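I have placed the structure first, in the form of structure tokens, so that the comments after it can refer back to it.
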Amino acid sequence: QVQLVESGGGLVQAGGSLRLSCAASGRTGGNYAMAWFRQAPGKEREFVATISANGARTSYADSVKARFAISRDNAKNTVYLQMSSLKPEDTAVYYCAANRVPFGSLPGTSRYYEYDYWGQGTQVTVSS
């Protein structure tokens, strides 16, 4: 089992920045692609970004491309999401997810049902 704990959410004004963290613990050995998803009230869970196990490959939703950056520090078993130029429509609960993959260079996918482990989420609220 892998446990994921997100932190770093909060209230920020439009145009501001936040950095989310996701700390992994438990059976973290092996290759895990990591991802961030988000869910706003009354909406479905939405893919935000993913990063391969070795950190070499990333992918983003069009709505956050050029504003958000995903990264990871494997020595610390932590994944980050740097969010800049935040908009009110970025308001949501942000979830970290992990997917076991056979190779370190494989990125994650945008499909939430392919992820094996999830964190409890952290609230991000962007005021206008």
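Ordering of the structure tokens sets the chain letters (A, B, ...), residue numbers begin anew at 1 in every chain, and ligands are numbered from 1 in the order given.
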
Open item on the list: List the spatial neighbours of Glu46 in chain A as a list in words - criterion: any atom at most 8 Å away, only C-alpha atoms, same-chain residues fewer than 4 positions off excluded.
Closed with: Phe37, Arg38 and Gln39 of chain A

Residues from last step as file, N, CA and C atoms, as a CSV table (one decimal), in the first residue's frame:
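This is the output file again.csv:
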```csv
chain,number,residue,atom,x,y,z
A,37,PHE,N,-5.1,15.7,-9.9
A,37,PHE,CA,-6.4,15.9,-10.4
A,37,PHE,C,-7.1,16.9,-9.6
A,38,ARG,N,-8.2,17.4,-10.0
A,38,ARG,CA,-9.0,18.4,-9.2
A,38,ARG,C,-10.4,18.1,-9.4
A,39,GLN,N,-11.2,18.5,-8.4
A,39,GLN,CA,-12.7,18.4,-8.5
A,39,GLN,C,-13.3,19.6,-7.9
```

Task: Residue with smallest distance to Ala66 in chain A - pool A:Ser110, A:Ala53, A:Ser84, A:Val79, counting only C-alpha atoms - done: A:Ser84

Task: Between CA of Thr122 in chain A and CA of Val2 in chain A - distance in Å to one decimal - done: 17.8 Å

TODO: Would you mind reading off the distance between CA of Ala35 in chain A and CA of Cys96 in chain A, one decimal, in Å?
DONE: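 That distance, rounded to one decimal, is 5.8 Å.
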
- [ ] Find the spatial neighbours of range 17-27 of chain A, counting only C-alpha atoms, within a cut-off of 6 Å - ignore same-chain residues fewer than 2 positions away - and output them as number ranges by chain.
- [x] A: 1-8, 29, 77-84

Task: Nearest residue to Trp118 in chain A from the set A:Glu44, A:Gln13, A:Val64, A:Trp36 (distances using only C-alpha atoms) - done: A:Trp36

TODO: Kindly indicate which residue among A:Thr91, A:Ser85, A:Thr50, A:Ser127 lies nearest to Ser71 in chain A, using only C-alpha atoms for the distances.
DONE: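 Comparing A:Thr91, A:Ser85, A:Thr50, A:Ser127 against Ser71 in chain A, the winner is A:Thr50.
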
TODO: Find, counting only C-alpha atoms, the residue in A:Asn54, A:Gln123, A:Thr109, A:Ser128 that gets nearest to Ala97 in chain A.
DONE: A:Thr109

TODO: Apply DSSP to the structure's backbone, then extract all residues of range 4-101 of chain A labelled strand (DSSP E) and return them as an MDAnalysis selection string.
DONE: chainID A and resid 4:7 10:13 18:26 32:39 46:51 58:60 68:73 78:83 92:100

Could you write out the selected residues, including C-alpha atoms, as a compact mmCIF listing (two decimals), in the first residue's frame?
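Final output, saved to again01.txt:
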```txt
# COMPACT_ATOMS: atom_id res chain seq x y z
CA LEU A 4 -0.41 9.95 -0.16
CA VAL A 5 -0.81 13.16 1.81
CA GLU A 6 -1.34 16.50 0.09
CA SER A 7 -0.58 19.90 1.59
CA GLY A 10 -5.34 27.63 0.74
CA LEU A 11 -6.99 30.88 -0.27
CA VAL A 12 -5.24 33.08 -2.83
CA GLN A 13 -6.21 36.05 -4.97
CA LEU A 18 0.54 28.35 -4.67
CA ARG A 19 2.70 25.24 -4.43
CA LEU A 20 1.06 21.96 -3.54
CA SER A 21 3.02 19.03 -2.15
CA CYS A 22 2.19 15.33 -2.07
CA ALA A 23 4.22 13.14 0.27
CA ALA A 24 4.22 9.40 -0.37
CA SER A 25 4.88 6.73 2.23
CA GLY A 26 4.50 3.00 2.61
CA TYR A 32 5.12 5.13 -9.85
CA ALA A 33 3.84 7.73 -12.26
CA MET A 34 2.24 10.53 -10.29
CA ALA A 35 -0.55 12.91 -11.15
CA TRP A 36 -2.67 15.74 -9.89
CA PHE A 37 -6.42 15.85 -10.43
CA ARG A 38 -8.96 18.35 -9.20
CA GLN A 39 -12.67 18.43 -8.53
CA GLU A 46 -10.54 16.57 -13.84
CA PHE A 47 -6.99 15.72 -14.87
CA VAL A 48 -4.44 18.47 -14.19
CA ALA A 49 -0.91 17.10 -14.72
CA THR A 50 1.19 13.96 -14.61
CA ILE A 51 4.87 13.09 -14.33
CA THR A 58 5.30 15.49 -17.99
CA SER A 59 1.88 16.17 -19.43
CA TYR A 60 -0.71 18.84 -18.67
CA PHE A 68 1.21 25.01 -13.70
CA ALA A 69 4.35 22.91 -13.34
CA ILE A 70 4.58 19.40 -11.91
CA SER A 71 7.84 18.10 -10.48
CA ARG A 72 9.09 15.41 -8.11
CA ASP A 73 11.89 14.74 -5.68
CA THR A 78 7.37 13.99 -2.82
CA VAL A 79 5.57 15.41 -5.85
CA TYR A 80 4.88 19.12 -6.30
CA LEU A 81 2.46 21.22 -8.28
CA GLN A 82 3.56 24.82 -8.73
CA MET A 83 0.53 26.88 -9.69
CA ALA A 92 -11.25 22.98 -6.49
CA VAL A 93 -10.09 20.20 -4.22
CA TYR A 94 -6.76 19.00 -5.60
CA TYR A 95 -5.90 15.32 -5.35
CA CYS A 96 -2.59 13.54 -5.74
CA ALA A 97 -2.62 10.08 -7.33
CA ALA A 98 -0.10 7.30 -7.99
CA ASN A 99 -0.04 4.62 -10.67
CA ARG A 100 2.40 1.71 -10.70
```

Task: Distance of CA of Val126 in chain A from CA of Tyr112 in chain A, expressed in Å to one decimal place - done: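 Spanning CA of Tyr112 in chain A to CA of Val126 in chain A is a straight-line distance of 23.8 Å.
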
- [ ] Could you tell me, as a list of chain:residue names, which residues of chain A DSSP assigns to helix (DSSP H, G or I) when given the backbone?
- [x]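 Taking chain A and keeping helix (DSSP H, G or I) only, one gets A:Pro88, A:Glu89, A:Asp90, A:Tyr112, A:Tyr113, A:Glu114.
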
- [ ] Could you check which of A:Val124, A:Leu106, A:Val101, A:Leu86 is closest to Gly15 in chain A, using only C-alpha atoms?
- [x]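 The closest residue to Gly15 in chain A is A:Leu86.
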